[in-house]
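Have a look at final_35.cif below; it lists mmCIF, C-alpha atoms.
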```cif
data_upload
#
loop_
_atom_site.group_PDB
_atom_site.id
_atom_site.type_symbol
_atom_site.label_atom_id
_atom_site.label_comp_id
_atom_site.auth_asym_id
_atom_site.auth_seq_id
_atom_site.Cartn_x
_atom_site.Cartn_y
_atom_site.Cartn_z
ATOM 1 C CA MET A 675 -6.997 4.842 -11.443
ATOM 2 C CA LYS A 676 -6.430 1.279 -10.274
ATOM 3 C CA GLY A 677 -4.190 0.876 -7.293
ATOM 4 C CA ILE A 678 -3.051 -0.863 -4.144
ATOM 5 C CA ALA A 679 -3.350 1.361 -1.074
ATOM 6 C CA ASP A 680 -0.574 1.608 1.488
ATOM 7 C CA THR A 681 -0.953 2.957 5.022
ATOM 8 C CA GLY A 682 0.490 6.380 4.218
ATOM 9 C CA LEU A 683 -2.210 7.091 1.658
ATOM 10 C CA ILE A 684 -4.985 6.220 4.104
ATOM 11 C CA VAL A 685 -3.477 8.284 6.913
ATOM 12 C CA ALA A 686 -2.834 11.274 4.643
ATOM 13 C CA PHE A 687 -6.397 11.103 3.326
ATOM 14 C CA ALA A 688 -7.810 11.111 6.847
ATOM 15 C CA ARG A 689 -5.654 13.860 8.359
ATOM 16 C CA ARG A 690 -6.200 17.362 7.001
ATOM 17 C CA ASN A 691 -2.927 18.500 8.582
ATOM 18 C CA ASP A 692 -0.858 15.719 6.965
ATOM 19 C CA GLN A 693 1.770 17.017 4.539
ATOM 20 C CA HIS A 694 0.376 14.659 1.857
ATOM 21 C CA HIS A 695 -3.335 15.302 2.477
ATOM 22 C CA VAL A 696 -3.972 17.279 -0.738
ATOM 23 C CA TRP A 697 -2.197 14.584 -2.755
ATOM 24 C CA ALA A 698 -4.239 11.819 -1.075
ATOM 25 C CA VAL A 699 -7.530 13.624 -1.758
ATOM 26 C CA ASP A 700 -6.481 14.042 -5.397
ATOM 27 C CA VAL A 701 -5.735 10.309 -5.598
ATOM 28 C CA ALA A 702 -9.181 9.535 -4.153
ATOM 29 C CA ARG A 703 -10.802 11.683 -6.851
ATOM 30 C CA GLN A 704 -9.012 9.708 -9.562
ATOM 31 C CA ILE A 705 -9.898 6.163 -8.504
ATOM 32 C CA THR A 706 -12.214 4.284 -10.836
ATOM 33 C CA GLU A 707 -12.750 1.310 -8.545
ATOM 34 C CA PRO A 708 -11.967 0.495 -4.903
ATOM 35 C CA LEU A 709 -8.274 0.532 -4.096
ATOM 36 C CA LEU A 710 -7.015 -2.894 -3.126
ATOM 37 C CA THR A 711 -5.348 -3.375 0.221
ATOM 38 C CA CYS A 712 -4.606 -5.923 2.923
ATOM 39 C CA GLU A 713 -5.447 -6.379 6.589
ATOM 40 C CA ALA A 714 -1.912 -5.461 7.692
ATOM 41 C CA VAL A 715 -2.293 -2.030 6.064
ATOM 42 C CA LEU A 716 -5.717 -1.568 7.660
ATOM 43 C CA ALA A 717 -4.322 -2.454 11.083
ATOM 44 C CA GLU A 718 -1.445 0.026 10.698
ATOM 45 C CA ALA A 719 -3.796 2.780 9.519
ATOM 46 C CA ALA A 720 -6.289 2.159 12.326
ATOM 47 C CA PHE A 721 -3.440 2.290 14.847
ATOM 48 C CA GLN A 722 -1.939 5.492 13.456
ATOM 49 C CA LEU A 723 -5.330 7.186 13.157
ATOM 50 C CA GLU A 724 -6.502 5.783 16.492
ATOM 51 C CA SER A 725 -9.746 4.868 14.747
ATOM 52 C CA SER A 726 -10.802 1.457 13.558
ATOM 53 C CA SER A 727 -14.183 2.973 12.699
ATOM 54 C CA TYR A 728 -12.668 5.332 10.151
ATOM 55 C CA VAL A 729 -10.776 2.559 8.403
ATOM 56 C CA LEU A 730 -13.821 0.271 8.370
ATOM 57 C CA ALA A 731 -15.885 3.120 6.898
ATOM 58 C CA LEU A 732 -13.457 3.292 3.954
ATOM 59 C CA LEU A 733 -14.244 -0.368 3.288
ATOM 60 C CA GLN A 734 -17.984 0.167 3.672
ATOM 61 C CA ASP A 735 -17.863 3.202 1.369
ATOM 62 C CA GLU A 736 -15.918 1.097 -1.154
ATOM 63 C CA MET A 737 -12.921 3.370 -1.351
ATOM 64 C CA LEU A 738 -10.918 0.313 -0.254
ATOM 65 C CA ARG A 739 -11.359 -3.412 -0.814
ATOM 66 C CA LEU A 740 -9.574 -6.256 0.942
ATOM 67 C CA ALA A 741 -7.873 -8.305 -1.755
ATOM 68 C CA PHE A 742 -5.221 -10.392 -0.030
ATOM 69 C CA ASP A 743 -5.171 -13.601 1.988
ATOM 70 C CA CYS A 744 -2.027 -13.760 4.087
ATOM 71 C CA ASN A 745 -2.609 -17.426 4.899
ATOM 72 C CA ARG A 746 -2.455 -18.397 1.218
ATOM 73 C CA ASN A 747 0.763 -16.447 0.714
ATOM 74 C CA ILE A 748 2.904 -17.443 3.688
ATOM 75 C CA ALA A 749 5.728 -18.983 1.637
ATOM 76 C CA PRO A 750 6.100 -16.019 -0.766
ATOM 77 C CA LEU A 751 5.894 -13.587 2.169
ATOM 78 C CA ALA A 752 8.602 -15.497 4.048
ATOM 79 C CA GLU A 753 10.806 -15.410 0.951
ATOM 80 C CA LEU A 754 10.291 -11.653 0.595
ATOM 81 C CA ALA A 755 11.126 -11.196 4.293
ATOM 82 C CA ARG A 756 14.380 -13.112 3.771
ATOM 83 C CA ARG A 757 15.251 -11.196 0.600
ATOM 84 C CA TYR A 758 14.715 -7.780 2.213
ATOM 85 C CA ARG A 759 15.870 -8.557 5.777
ATOM 86 C CA ASP A 760 18.496 -5.792 5.528
ATOM 87 C CA ARG A 761 15.650 -3.236 5.111
ATOM 88 C CA ASN A 762 13.572 -4.779 7.922
ATOM 89 C CA PRO A 763 10.224 -4.446 6.100
ATOM 90 C CA ASP A 764 7.013 -4.629 8.076
ATOM 91 C CA LEU A 765 4.322 -7.157 7.236
ATOM 92 C CA ALA A 766 2.241 -4.560 5.387
ATOM 93 C CA ASP A 767 5.104 -3.812 2.989
ATOM 94 C CA LEU A 768 5.663 -7.508 2.351
ATOM 95 C CA CYS A 769 1.972 -7.996 1.640
ATOM 96 C CA LEU A 770 1.942 -5.060 -0.776
ATOM 97 C CA ILE A 771 4.974 -6.375 -2.655
ATOM 98 C CA ARG A 772 3.186 -9.709 -3.006
ATOM 99 C CA MET A 773 -0.055 -7.981 -4.017
ATOM 100 C CA SER A 774 1.888 -6.182 -6.744
ATOM 101 C CA GLU A 775 2.854 -9.604 -8.094
ATOM 102 C CA LEU A 776 -0.752 -10.792 -7.956
ATOM 103 C CA TYR A 777 -2.199 -7.556 -9.415
ATOM 104 C CA PRO A 778 0.457 -6.443 -11.915
ATOM 105 C CA ARG A 779 -1.701 -3.716 -13.485
ATOM 106 C CA HIS A 780 -2.127 -1.911 -10.166
ATOM 107 C CA ALA A 781 0.364 0.658 -8.875
ATOM 108 C CA VAL A 782 1.181 0.735 -5.177
ATOM 109 C CA ILE A 783 -0.026 4.103 -3.899
ATOM 110 C CA THR A 784 2.305 5.025 -1.072
ATOM 111 C CA VAL A 785 4.348 7.711 0.650
ATOM 112 C CA ASP A 786 7.074 5.112 1.367
ATOM 113 C CA SER A 787 10.123 5.502 -0.883
ATOM 114 C CA ASP A 788 11.262 1.942 -0.006
ATOM 115 C CA PHE A 789 8.974 0.788 -2.802
ATOM 116 C CA ARG A 790 11.547 2.220 -5.213
ATOM 117 C CA VAL A 791 13.949 -0.446 -3.918
ATOM 118 C CA TYR A 792 11.586 -3.402 -3.563
ATOM 119 C CA ARG A 793 11.096 -5.666 -6.571
ATOM 120 C CA ARG A 794 8.272 -7.958 -7.526
ATOM 121 C CA ASN A 795 8.958 -11.327 -9.114
ATOM 122 C CA ARG A 796 12.576 -10.887 -7.956
ATOM 123 C CA ARG A 797 13.618 -8.325 -10.604
ATOM 124 C CA GLU A 798 10.671 -6.245 -11.773
ATOM 125 C CA THR A 799 10.255 -2.660 -10.661
ATOM 126 C CA ILE A 800 7.012 -2.177 -8.762
ATOM 127 C CA PRO A 801 4.843 0.532 -10.320
ATOM 128 C CA ILE A 802 4.295 3.129 -7.612
ATOM 129 C CA HIS A 803 2.418 6.369 -7.214
ATOM 130 C CA LEU A 804 4.164 8.716 -4.768
ATOM 131 C CA PRO A 805 3.345 12.279 -3.753
ATOM 132 C CA PRO A 806 5.379 14.947 -5.503
ATOM 133 C CA GLN A 807 8.610 15.732 -3.703
ATOM 134 C CA ARG A 808 8.849 19.038 -1.915
ATOM 135 C CA LEU A 809 11.857 21.215 -2.503
#
```
Encoded form (structure tokens):
Amino acid sequence: MKGIADTGLIVAFARRNDQHHVWAVDVARQITEPLLTCEAVLAEAAFQLESSSYVLALLQDEMLRLAFDCNRNIAPLAELARRYRDRNPDLADLCLIRMSELYPRHAVITVDSDFRVYRRNRRETIPIHLPPQRL
């Protein structure tokens, strides 16, 4: 599986008591190459897990790979922020939307249902991989 990792996946993978932990472990078993991500996602995950070391270990173990330069994408990020201002997206979400444009064959792996609303290239649905919904 090729994908772009969001914060929720990383947190669920790390926390055995997370409601999505089993799903996240299953995703990890399916990856065929490091999942792409951005520094904003890593910062969120490190904050939520209270462990920068854990997040850095995922990079060292090549489960994750940084694949986004915020500085080179300021204008597209600002446009996305304007377009979705009613949803108040965080920087990580904006970066992942932009990464989906740059890596169109990669699904965004997330627990965040907002990615069903976000669009890449203005109109295209973003391919996402979400955990199964509980009844």
- For Ser725 (chain A), which residue among A:Ile678, A:Ala766, A:Val791, A:Val685 is the nearest when counting all atoms listed in the file? A:Val685
- Could you spell out the hits of the PyMOL selection byres ((chain A and resi 719) around 12) on the shown file, as a VMD selection string? chain A and resid 679 to 689 711 to 718 720 to 730 732 766
Quick one: 6 Å padding each side, axis-aligned, all listed atoms of region 686-696 of chain A - centre and edge lengths in Å to one decimal, as lines of an AutoDock Vina configuration file?
```
center_x = -3.0
center_y = 14.8
center_z = 3.9
size_x = 21.6
size_y = 19.4
size_z = 21.3
```
- The distance between CA of Asp700 (chain A) and CA of Asp743 (chain A) is 28.6 Å
Given the PyMOL selection byres ((chain A and resi 708) around 9) and the file above, list the residues it selects as a tab-separated table (two decimals) with C-alpha atoms, in the coordinates of the input.
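Generated file (selection-v9.tsv):
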```
chain	number	residue	atom	x	y	z
A	676	LYS	CA	-6.43	1.28	-10.27
A	677	GLY	CA	-4.19	0.88	-7.29
A	705	ILE	CA	-9.90	6.16	-8.50
A	706	THR	CA	-12.21	4.28	-10.84
A	707	GLU	CA	-12.75	1.31	-8.54
A	709	LEU	CA	-8.27	0.53	-4.10
A	710	LEU	CA	-7.02	-2.89	-3.13
A	733	LEU	CA	-14.24	-0.37	3.29
A	736	GLU	CA	-15.92	1.10	-1.15
A	737	MET	CA	-12.92	3.37	-1.35
A	738	LEU	CA	-10.92	0.31	-0.25
A	739	ARG	CA	-11.36	-3.41	-0.81
```
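Between CA of His803 (chain A) and CA of Thr784 (chain A) there is a distance of 6.3 Å.
In this structure, CA of Asn745 (chain A) sits 11.0 Å away from CA of Cys769 (chain A).
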- List as an NGL selection string: which residues have an atom within 12 Å of (4.9, -14.3, 5.9), counting only C-alpha atoms? :A and (714 or 743-756 or 763-772)
- Message: Given the PyMOL selection byres ((chain A and resi 804) around 9) and the file above, list the residues it selects as number ranges by chain.
- Response: A: 697, 782-787, 802-803, 805-807
- Message: Please determine, counting only C-alpha atoms, which residue among A:Arg790, A:Asp692, A:Gln704, A:Ala741 has the shortest atom-to-atom distance to Met773 (chain A).
- Response: A:Ala741
